[in-house]
Structure formats: structure tokens, C-alpha cells
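final_24.tsv (TSV, C-alpha atoms)
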```
chain	number	residue	atom	x	y	z
A	1	MET	CA	117.85	106.46	-20.66
A	2	HIS	CA	114.49	108.19	-21.13
A	3	THR	CA	113.82	110.38	-24.18
A	4	TRP	CA	111.01	112.83	-24.84
A	5	LYS	CA	110.06	115.06	-27.76
A	6	LEU	CA	109.34	118.68	-26.81
A	7	GLU	CA	107.35	121.16	-28.89
A	8	ILE	CA	108.30	124.71	-27.92
A	9	GLU	CA	107.29	128.27	-28.71
A	10	TYR	CA	109.25	131.35	-27.75
A	11	GLU	CA	109.61	135.04	-28.36
A	12	GLY	CA	113.25	135.53	-29.26
A	13	THR	CA	113.47	139.27	-28.56
A	14	ARG	CA	115.34	138.93	-25.24
A	15	TYR	CA	117.60	136.06	-26.29
A	16	ARG	CA	120.85	135.65	-28.17
A	17	GLY	CA	119.28	132.84	-30.14
A	18	TRP	CA	118.54	129.20	-29.41
A	19	GLN	CA	122.01	127.75	-28.90
A	20	ILE	CA	123.51	127.85	-25.42
A	21	GLN	CA	126.34	130.38	-25.03
A	22	HIS	CA	128.61	131.48	-22.23
A	23	ASN	CA	127.65	134.85	-20.71
A	24	ALA	CA	124.55	135.21	-22.90
A	25	LYS	CA	120.87	134.46	-22.33
A	26	THR	CA	119.62	131.82	-24.79
A	27	VAL	CA	116.51	129.69	-25.14
A	28	GLN	CA	118.40	126.41	-24.81
A	29	GLY	CA	120.15	127.79	-21.74
A	30	GLU	CA	116.84	128.62	-20.05
A	31	LEU	CA	115.50	125.14	-20.83
A	32	MET	CA	118.63	123.50	-19.44
A	33	SER	CA	118.37	125.55	-16.25
A	34	ALA	CA	114.75	124.46	-15.77
A	35	ALA	CA	115.58	120.82	-16.58
A	36	ARG	CA	118.32	120.68	-13.96
A	37	GLN	CA	115.79	121.76	-11.34
A	38	LEU	CA	113.19	119.28	-12.57
A	39	PHE	CA	115.42	116.23	-12.76
A	40	ALA	CA	118.15	117.06	-10.22
A	41	SER	CA	120.61	115.36	-12.57
A	42	ARG	CA	122.45	115.92	-15.80
A	43	VAL	CA	120.17	115.96	-18.85
A	44	GLU	CA	120.58	116.58	-22.57
A	45	ILE	CA	118.42	118.99	-24.58
A	46	GLY	CA	119.04	119.30	-28.31
A	47	GLY	CA	117.06	121.42	-30.75
A	48	SER	CA	116.05	120.77	-34.35
A	49	GLY	CA	118.15	123.76	-35.35
A	50	ARG	CA	119.38	127.03	-33.96
A	51	THR	CA	117.55	130.30	-34.37
A	52	ASP	CA	119.51	133.55	-34.36
A	53	ALA	CA	119.31	136.39	-31.84
A	54	GLY	CA	115.88	138.00	-31.87
A	55	VAL	CA	114.25	135.27	-33.99
A	56	HIS	CA	111.08	133.60	-32.70
A	57	ALA	CA	109.63	130.10	-32.90
A	58	VAL	CA	106.10	128.75	-32.84
A	59	GLY	CA	107.18	125.19	-33.63
A	60	GLN	CA	110.69	124.48	-32.39
A	61	ILE	CA	111.30	120.81	-31.64
A	62	ALA	CA	113.78	119.50	-29.10
A	63	HIS	CA	114.70	116.16	-27.60
A	64	LEU	CA	115.16	115.72	-23.87
A	65	ARG	CA	117.20	112.84	-22.51
A	66	ALA	CA	117.45	111.96	-18.84
A	67	PRO	CA	119.09	109.03	-17.04
A	68	GLU	CA	117.13	106.44	-15.11
A	69	LEU	CA	114.52	108.17	-12.98
A	70	LYS	CA	113.81	107.45	-9.31
A	71	ALA	CA	110.07	107.74	-9.96
A	72	ASN	CA	107.80	107.51	-12.98
A	73	VAL	CA	107.02	110.84	-14.57
A	74	THR	CA	104.44	111.54	-17.27
A	75	PRO	CA	104.91	113.81	-20.30
A	76	ARG	CA	102.23	116.12	-18.92
A	77	GLN	CA	104.09	116.43	-15.61
A	78	ILE	CA	107.26	117.33	-17.50
A	79	GLN	CA	105.42	119.96	-19.55
A	80	HIS	CA	103.88	121.58	-16.46
A	81	GLY	CA	107.16	121.35	-14.59
A	82	PHE	CA	109.00	123.20	-17.33
A	83	ASN	CA	106.35	125.88	-17.68
A	84	ASP	CA	106.32	126.54	-13.94
A	85	LEU	CA	110.05	127.33	-14.12
A	86	LEU	CA	110.53	128.94	-17.52
A	87	PRO	CA	110.36	132.71	-18.14
A	88	HIS	CA	107.19	134.16	-19.62
A	89	ASP	CA	108.48	134.24	-23.20
A	90	ILE	CA	109.30	130.51	-23.47
A	91	ASN	CA	106.51	127.94	-23.39
A	92	VAL	CA	106.54	124.16	-23.79
A	93	LEU	CA	103.48	123.36	-25.88
A	94	LYS	CA	103.65	119.58	-25.74
A	95	VAL	CA	105.77	116.70	-24.43
A	96	THR	CA	105.56	113.19	-25.83
A	97	ASN	CA	107.46	109.97	-25.25
A	98	ALA	CA	110.05	109.32	-27.96
A	99	PRO	CA	112.33	106.43	-28.96
A	100	GLU	CA	115.61	106.49	-27.05
A	101	ASN	CA	117.55	107.37	-30.21
A	102	PHE	CA	115.25	110.21	-31.32
A	103	ASP	CA	117.34	113.24	-32.31
A	104	ALA	CA	115.46	116.47	-33.03
A	105	ARG	CA	118.03	117.72	-35.52
A	106	ARG	CA	119.21	114.56	-37.28
A	107	ASN	CA	115.72	113.05	-37.66
A	108	ALA	CA	114.17	116.21	-39.14
A	109	VAL	CA	113.43	116.04	-42.88
A	110	ALA	CA	112.49	119.71	-43.43
A	111	ARG	CA	112.15	123.01	-41.61
A	112	TYR	CA	109.82	125.89	-42.43
A	113	TYR	CA	110.38	129.55	-41.64
A	114	LEU	CA	107.88	132.37	-42.05
A	115	TYR	CA	108.75	136.07	-42.25
A	116	GLN	CA	106.17	138.81	-41.70
A	117	ILE	CA	106.42	142.27	-43.27
A	118	SER	CA	103.88	144.82	-42.07
A	119	THR	CA	102.58	147.41	-44.50
A	120	ARG	CA	101.44	149.67	-41.66
A	121	ARG	CA	102.80	150.97	-38.40
A	122	THR	CA	101.57	148.92	-35.45
A	123	ALA	CA	101.47	149.64	-31.74
A	124	PHE	CA	101.31	145.98	-30.73
A	125	ALA	CA	103.36	143.85	-33.11
A	126	LYS	CA	106.68	145.70	-33.40
A	127	ASN	CA	108.62	142.69	-32.11
A	128	PHE	CA	106.97	140.34	-34.64
A	129	VAL	CA	107.13	142.20	-37.97
A	130	TRP	CA	109.35	144.33	-40.16
A	131	TRP	CA	107.45	147.52	-40.96
A	132	ILE	CA	108.27	148.76	-44.44
A	133	LYS	CA	106.89	152.20	-45.28
A	134	ASP	CA	107.53	151.96	-49.02
A	135	PRO	CA	104.84	150.42	-51.24
A	136	LEU	CA	105.88	146.93	-52.33
A	137	LYS	CA	105.10	145.18	-55.62
A	138	VAL	CA	103.90	141.84	-54.30
A	139	ALA	CA	103.60	140.18	-57.72
A	140	GLU	CA	107.30	140.76	-58.43
A	141	MET	CA	108.22	139.45	-54.97
A	142	GLN	CA	106.14	136.33	-55.63
A	143	GLU	CA	107.89	135.75	-58.94
A	144	ALA	CA	111.31	136.08	-57.34
A	145	ALA	CA	110.38	133.76	-54.46
A	146	ARG	CA	109.41	131.00	-56.88
A	147	LEU	CA	112.98	130.97	-58.22
A	148	LEU	CA	114.19	129.58	-54.88
A	149	VAL	CA	112.53	126.17	-55.22
A	150	GLY	CA	115.01	123.41	-56.01
A	151	ARG	CA	118.66	122.88	-55.11
A	152	HIS	CA	120.75	126.04	-55.29
A	153	ASP	CA	123.99	127.49	-53.96
A	154	PHE	CA	122.96	130.03	-51.31
A	155	TYR	CA	126.46	131.44	-50.84
A	156	SER	CA	125.20	134.93	-51.71
A	157	PHE	CA	122.59	134.76	-48.93
A	158	CYS	CA	124.64	133.49	-45.97
A	159	GLU	CA	127.17	134.86	-43.49
A	160	LYS	CA	130.51	133.89	-44.99
A	161	GLU	CA	132.54	133.65	-41.78
A	162	GLU	CA	130.15	131.08	-40.35
A	163	GLU	CA	129.82	128.97	-43.47
A	164	LYS	CA	133.49	128.76	-44.53
A	165	THR	CA	133.69	125.00	-43.96
A	166	VAL	CA	130.02	124.18	-44.61
A	167	SER	CA	128.38	123.43	-47.93
A	168	THR	CA	126.17	126.29	-49.08
A	169	SER	CA	124.03	124.02	-51.27
A	170	VAL	CA	120.44	123.86	-49.97
A	171	GLU	CA	117.37	122.02	-51.25
A	172	VAL	CA	114.33	124.32	-51.04
A	173	VAL	CA	111.05	122.41	-51.12
A	174	ALA	CA	108.66	125.36	-50.84
A	175	SER	CA	108.86	129.12	-51.29
A	176	GLU	CA	105.99	131.58	-51.49
A	177	VAL	CA	105.04	135.20	-50.88
A	178	PHE	CA	101.42	135.90	-49.90
A	179	THR	CA	99.37	138.61	-48.24
A	180	ASP	CA	97.24	138.31	-45.12
A	181	GLY	CA	95.53	141.57	-44.20
A	182	ASP	CA	98.22	144.19	-43.57
A	183	LEU	CA	100.97	141.57	-43.75
A	184	ILE	CA	103.15	140.45	-46.64
A	185	CYS	CA	104.47	137.03	-45.68
A	186	PHE	CA	107.31	134.93	-47.02
A	187	ARG	CA	107.35	131.21	-46.25
A	188	ILE	CA	110.24	128.92	-47.11
A	189	GLY	CA	110.78	125.22	-46.45
A	190	ALA	CA	114.11	123.47	-46.90
A	191	ASN	CA	116.18	120.54	-45.72
A	192	ARG	CA	118.51	122.94	-43.88
A	193	PHE	CA	119.27	126.63	-43.51
A	194	LEU	CA	122.43	128.70	-43.41
A	195	TRP	CA	123.18	131.50	-40.95
A	196	LYS	CA	121.18	134.64	-41.91
A	197	MET	CA	119.97	132.94	-45.12
A	198	VAL	CA	116.25	133.67	-44.68
A	199	ARG	CA	116.77	137.26	-43.51
A	200	ARG	CA	118.97	138.03	-46.52
A	201	ILE	CA	116.50	136.46	-48.91
A	202	VAL	CA	113.75	138.63	-47.39
A	203	GLY	CA	115.92	141.72	-47.63
A	204	MET	CA	116.45	141.13	-51.34
A	205	LEU	CA	112.78	140.30	-51.91
A	206	ALA	CA	111.96	143.66	-50.34
A	207	GLU	CA	114.36	145.35	-52.77
A	208	VAL	CA	112.55	143.63	-55.62
A	209	GLY	CA	109.24	144.82	-54.16
A	210	ARG	CA	110.55	148.40	-53.91
A	211	GLY	CA	111.65	148.29	-57.53
A	212	ASN	CA	115.32	148.77	-56.62
A	213	SER	CA	116.17	145.30	-57.93
A	214	SER	CA	114.63	143.12	-60.62
A	215	VAL	CA	113.51	139.51	-60.54
A	216	ALA	CA	116.40	138.75	-62.89
A	217	ASP	CA	118.85	140.42	-60.48
A	218	PHE	CA	117.47	138.27	-57.67
A	219	GLY	CA	117.90	135.13	-59.77
A	220	ARG	CA	121.52	135.98	-60.53
A	221	LEU	CA	122.32	135.78	-56.81
A	222	LEU	CA	121.55	132.04	-57.02
A	223	LYS	CA	123.92	131.57	-59.95
A	224	PHE	CA	126.85	133.83	-59.09
A	225	GLN	CA	128.51	134.42	-55.72
A	226	SER	CA	128.00	137.97	-54.47
A	227	ASN	CA	128.16	140.01	-51.26
A	228	ALA	CA	125.33	142.31	-52.37
A	229	ALA	CA	122.61	140.78	-50.17
A	230	ALA	CA	124.48	141.33	-46.90
A	231	LYS	CA	123.68	145.05	-46.63
A	232	PHE	CA	119.96	144.35	-47.10
A	233	THR	CA	119.66	141.77	-44.30
A	234	ALA	CA	116.14	141.98	-42.87
A	235	PRO	CA	115.77	142.47	-39.08
A	236	PRO	CA	115.16	139.36	-36.96
A	237	SER	CA	111.88	140.64	-35.51
A	238	GLY	CA	109.69	139.35	-38.35
A	239	LEU	CA	111.18	135.85	-38.52
A	240	PHE	CA	109.61	132.70	-37.03
A	241	LEU	CA	110.68	129.07	-37.08
A	242	GLU	CA	107.23	127.87	-38.03
A	243	LYS	CA	107.37	124.08	-38.23
A	244	VAL	CA	109.84	121.19	-38.23
A	245	LEU	CA	108.84	118.14	-40.22
A	246	TYR	CA	109.62	114.52	-39.43
A	247	LYS	CA	108.76	111.52	-41.56
A	248	GLY	CA	105.00	111.53	-42.24
A	249	ASP	CA	104.39	115.15	-41.11
A	250	ALA	CA	102.40	117.59	-43.27
A	251	PRO	CA	103.77	121.05	-44.16
A	252	PRO	CA	102.24	124.21	-42.65
A	253	ALA	CA	98.85	125.43	-43.83
A	254	ALA	CA	99.28	127.46	-47.00
A	255	GLN	CA	98.96	131.26	-47.01
A	256	LYS	CA	98.42	131.74	-43.30
A	257	SER	CA	100.33	134.17	-41.12
A	258	ILE	CA	101.41	133.53	-37.54
A	259	SER	CA	98.59	133.71	-35.02
A	260	LEU	CA	100.26	134.59	-31.71
A	261	MET	CA	97.34	133.19	-29.74
A	262	GLY	CA	97.25	129.85	-31.62
```

As C-alpha cells, the full file:
Amino acid sequence: MHTWKLEIEYEGTRYRGWQIQHNAKTVQGELMSAARQLFASRVEIGGSGRTDAGVHAVGQIAHLRAPELKANVTPRQIQHGFNDLLPHDINVLKVTNAPENFDARRNAVARYYLYQISTRRTAFAKNFVWWIKDPLKVAEMQEAARLLVGRHDFYSFCEKEEEKTVSTSVEVVASEVFTDGDLICFRIGANRFLWKMVRRIVGMLAEVGRGNSSVADFGRLLKFQSNAAAKFTAPPSGLFLEKVLYKGDAPPAAQKSISLMG
């Protein structure tokens, strides 16, 4: 069995998320379709974690496993082969040889997401930001974001139907709000994420920024179970899976928004 590590970027606008689904276009599904053509045999592709419908990635990691090959193939040949077959909004950035037992999800030690709020209307970046017309108090948003660091119960920030049988306790290793030009960005790193967790955090941070909710109100959502955050769920357009960390990896560069051209 041969195993490779894939680094992937994609625009999630046209997809129903990462995870393969019947009768729906997904990123994993497109990769599997390309892999079947490349290898002419059954292969396995597993991601570091799923992203929801409309969510993007600039640093998704996946493992690719293929049975014994009839001919030697290099990582670069695999990368070019994928990119010749994949649609325009999915791109394999890098392929490297990996140990046979490498698992993109199980071996990951942390994942980082970045959300971009635009403070102005834009003709070019609609699919990659959430435009908020109201003025936002960034200092209050920053104060609220700092409350997330540590281990907390994120029940109030997740989709209940999905997480009924899953622990809602998450260890957050980094959380910050910063500005970059016309963008207000929220970055969060954690050992794992719950369905809609980041988008609901962002929605409530925006309410704090608008002055409709206080920092103390935000903090109470970490201490008491509530359904209040659900109606403020931020749209998926501004959310990116930024980086997946494995043992020895460094976190993303601080206070830097997503550059869509690298």
C-alpha cells in the first residue's frame, strides 16, 4: 500500500462541503473521481476534517492510499495528474510521500480556521467575506474572543442534531480578532471543531461588535447551555480552513488575512 499526504485549496461556494455525499457535489467526491481516473483502481482519500457547504480551504490536508502500483509514480506526477482532472475551484498544492499509516484526521494535533468580515461592499470578494454594514466595536470583539481560549463546553455554539452523541467539550489553543485593511478577521485554533461552531461564534462576536450583546453575555454562552447563538449564525462565505497542524508544525502567521493568490 502506498500513502501520500495531499495539501489542498478549494473555493467551497459550489460544493456541499468536503465530505462525500450521495446526489451532491462535494470536494472529496471530486477528488475521488479524479483519483479513480489516475489510478484505475480503488483508492482511499480521507481529509483532516470536513468543511461545511460553502466553506473554503487554503490548507486542507488529506491522505491518499493506493494499492500496489504497476509503475513507479512520483508525488509531482500525482499532483499534476490531479490538477489536470479537477475542476477550476479545487487545486492540489503539494503531494508528499507519507508513512503507510498516516491518517490526515487522526494524526492532526490542531486545526485553524479564519473568518473574514468586510467593512465595505466589494465587487470582487463577495464569496470570501461577510459584509457587515453596521459599524463594529473591534475592541469589544477582541475581548470576547479572548474568552474562548482554554477548554470549554461549546454546546451553545453547535448544531444540536449533529452533536447529540458527541462531546461538545473543545480545547481552544488560540483565538483572536484583528483588522487587516477593510477586513475584521477572527482566527481560532483548536483540537477539534463542532458543526457550525465557528460560524456561530462569529455571529455572536458580530452582535458584540454591534453593541447588541455584551462581552459578559458572550461569556455566559460558554458557561450555560443556550440556543441563542443559532439565529446569528454567520454565512459560510467568509470562513476558511486555514491550516492543519501535525507534530512539529508551526501555527499560522499572526494577524494576517487570507491572500487568495498565495

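For the atom pair formed by atom CA of Ala145 of chain A and atom CA of Arg106 of chain A, the distance is 27.2 Å, given to one decimal.
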
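Counting only C-alpha atoms, the residue from A:Ile184, A:Cys158, A:Ile258, A:Ala108 that sits nearest to Lys231 of chain A is A:Cys158.
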
Spatial neighbours of Thr119 of chain A, 8 Å, all atoms listed in the file, chain gap at least 4 places, as an mmCIF file with C-alpha atoms, in the frame of the given file:
```
data_model
loop_
_atom_site.group_PDB
_atom_site.id
_atom_site.type_symbol
_atom_site.label_atom_id
_atom_site.label_comp_id
_atom_site.auth_asym_id
_atom_site.auth_seq_id
_atom_site.Cartn_x
_atom_site.Cartn_y
_atom_site.Cartn_z
ATOM 1 C CA TRP A 131 107.450 147.520 -40.960
ATOM 2 C CA ILE A 132 108.270 148.760 -44.440
ATOM 3 C CA LYS A 133 106.890 152.200 -45.280
ATOM 4 C CA PRO A 135 104.840 150.420 -51.240
ATOM 5 C CA ASP A 182 98.220 144.190 -43.570
ATOM 6 C CA LEU A 183 100.970 141.570 -43.750
ATOM 7 C CA ILE A 184 103.150 140.450 -46.640
#
```

Point-to-point distance from atom CA of Arg210 of chain A to atom CA of Arg192 of chain A, Å rounded to tenths: 28.5 Å

His56 of chain A: which residues within 10 Å, counting only C-alpha atoms, same-chain residues fewer than 6 positions away excluded, as an MDAnalysis selection string? chainID A and resid 9:13 15 17:18 89:90 113:114 127:128 236:242

So which residues fall inside 10 Å of (115.5, 111.9, -21.8) if we count all atoms listed in the file? Mind giving them as a list in words?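 In the file's frame, the residues around the point are Met1, His2, Thr3, Trp4, Lys5, Val43, Glu44, Ile45, His63, Leu64, Arg65, Ala66, Pro67, Glu68, Leu69, Asn97, Ala98, Pro99, Glu100, Asn101 and Phe102 of chain A.
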
Box in all listed atoms of segment 38-43 of chain A, axis-aligned, with 8 Å more on each side; write out centre and edge lengths in Å to one decimal as lines of an AutoDock Vina configuration file.
```
center_x = 117.8
center_y = 117.3
center_z = -14.5
size_x = 25.3
size_y = 19.9
size_z = 24.6
```

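If you look at atom CA of Leu148 of chain A and atom CA of Gln255 of chain A, they are 17.2 Å away from each other.
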
Selection: 12 Å around Trp195 of chain A, all atoms listed in the file, excl. self and same-chain fewer than 5 positions, as a short mmCIF file (atom, residue, chain, number, x, y, z; two decimals) with C-alpha atoms, in the frame of the given file:
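Generated output (out.cif):
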```cif
data_model
loop_
_atom_site.label_atom_id
_atom_site.label_comp_id
_atom_site.auth_asym_id
_atom_site.auth_seq_id
_atom_site.Cartn_x
_atom_site.Cartn_y
_atom_site.Cartn_z
CA GLY A 17 119.28 132.84 -30.14
CA GLY A 49 118.15 123.76 -35.35
CA ARG A 50 119.38 127.03 -33.96
CA THR A 51 117.55 130.30 -34.37
CA ASP A 52 119.51 133.55 -34.36
CA ALA A 53 119.31 136.39 -31.84
CA VAL A 55 114.25 135.27 -33.99
CA PHE A 154 122.96 130.03 -51.31
CA TYR A 155 126.46 131.44 -50.84
CA SER A 156 125.20 134.93 -51.71
CA PHE A 157 122.59 134.76 -48.93
CA CYS A 158 124.64 133.49 -45.97
CA GLU A 159 127.17 134.86 -43.49
CA LYS A 160 130.51 133.89 -44.99
CA GLU A 161 132.54 133.65 -41.78
CA GLU A 162 130.15 131.08 -40.35
CA GLU A 163 129.82 128.97 -43.47
CA LYS A 164 133.49 128.76 -44.53
CA VAL A 166 130.02 124.18 -44.61
CA SER A 167 128.38 123.43 -47.93
CA THR A 168 126.17 126.29 -49.08
CA ARG A 200 118.97 138.03 -46.52
CA ILE A 201 116.50 136.46 -48.91
CA ALA A 230 124.48 141.33 -46.90
CA THR A 233 119.66 141.77 -44.30
CA PRO A 236 115.16 139.36 -36.96
#
```

Calculated over only C-alpha atoms, which of the candidates A:Arg146, A:Lys126, A:Arg111, A:Arg199 has the smallest distance to Val170 of chain A?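 Closest residue, counting only C-alpha atoms: A:Arg111.
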
What's the 7 Å shell around Lys243 of chain A, counting only C-alpha atoms, without same-chain residues fewer than 6 positions away, as a PyMOL selection string? chain A and resi 59-60+111-112+252

Between A:Val92, A:Arg120, A:Met32, A:Ile8, which residue has the minimum interatomic distance to Ile61 of chain A, considering all atoms listed in the file? A:Ile8

Given all atoms listed in the file as the basis, pick out the residue of A:Ala206, A:Val172, A:Ala250, A:Ala34 nearest to Leu136 of chain A.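 With all atoms listed in the file as the atom set, the closest residue is A:Ala206.
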
With all atoms listed in the file counted and 12 Å as the cut-off, give the residues of segment 142-227 of chain A in contact with segment 245-248 of chain A, each with its shortest interatomic distance in Å and the pair that gives it, as JSON lines.
```
{"residue": "A:Val173", "atom": "CA", "partner": "A:Leu245", "partner_atom": "CA", "distance": 11.9}
{"residue": "A:Gly189", "atom": "CA", "partner": "A:Leu245", "partner_atom": "CA", "distance": 9.6}
{"residue": "A:Ala190", "atom": "CA", "partner": "A:Leu245", "partner_atom": "CA", "distance": 10.0}
{"residue": "A:Asn191", "atom": "CA", "partner": "A:Leu245", "partner_atom": "CA", "distance": 9.5}
{"residue": "A:Arg192", "atom": "CA", "partner": "A:Leu245", "partner_atom": "CA", "distance": 11.4}
```

Among A:Ser169, A:Glu207, A:Lys196, A:Ala253, Lys223 of chain A is approached most closely, using all atoms listed in the file, by A:Ser169

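Restricting the calculation to all atoms listed in the file, the smallest distance between Met141 of chain A and any of A:Pro251, A:Pro75, A:Gly209, A:Gly203 is found for A:Gly209.
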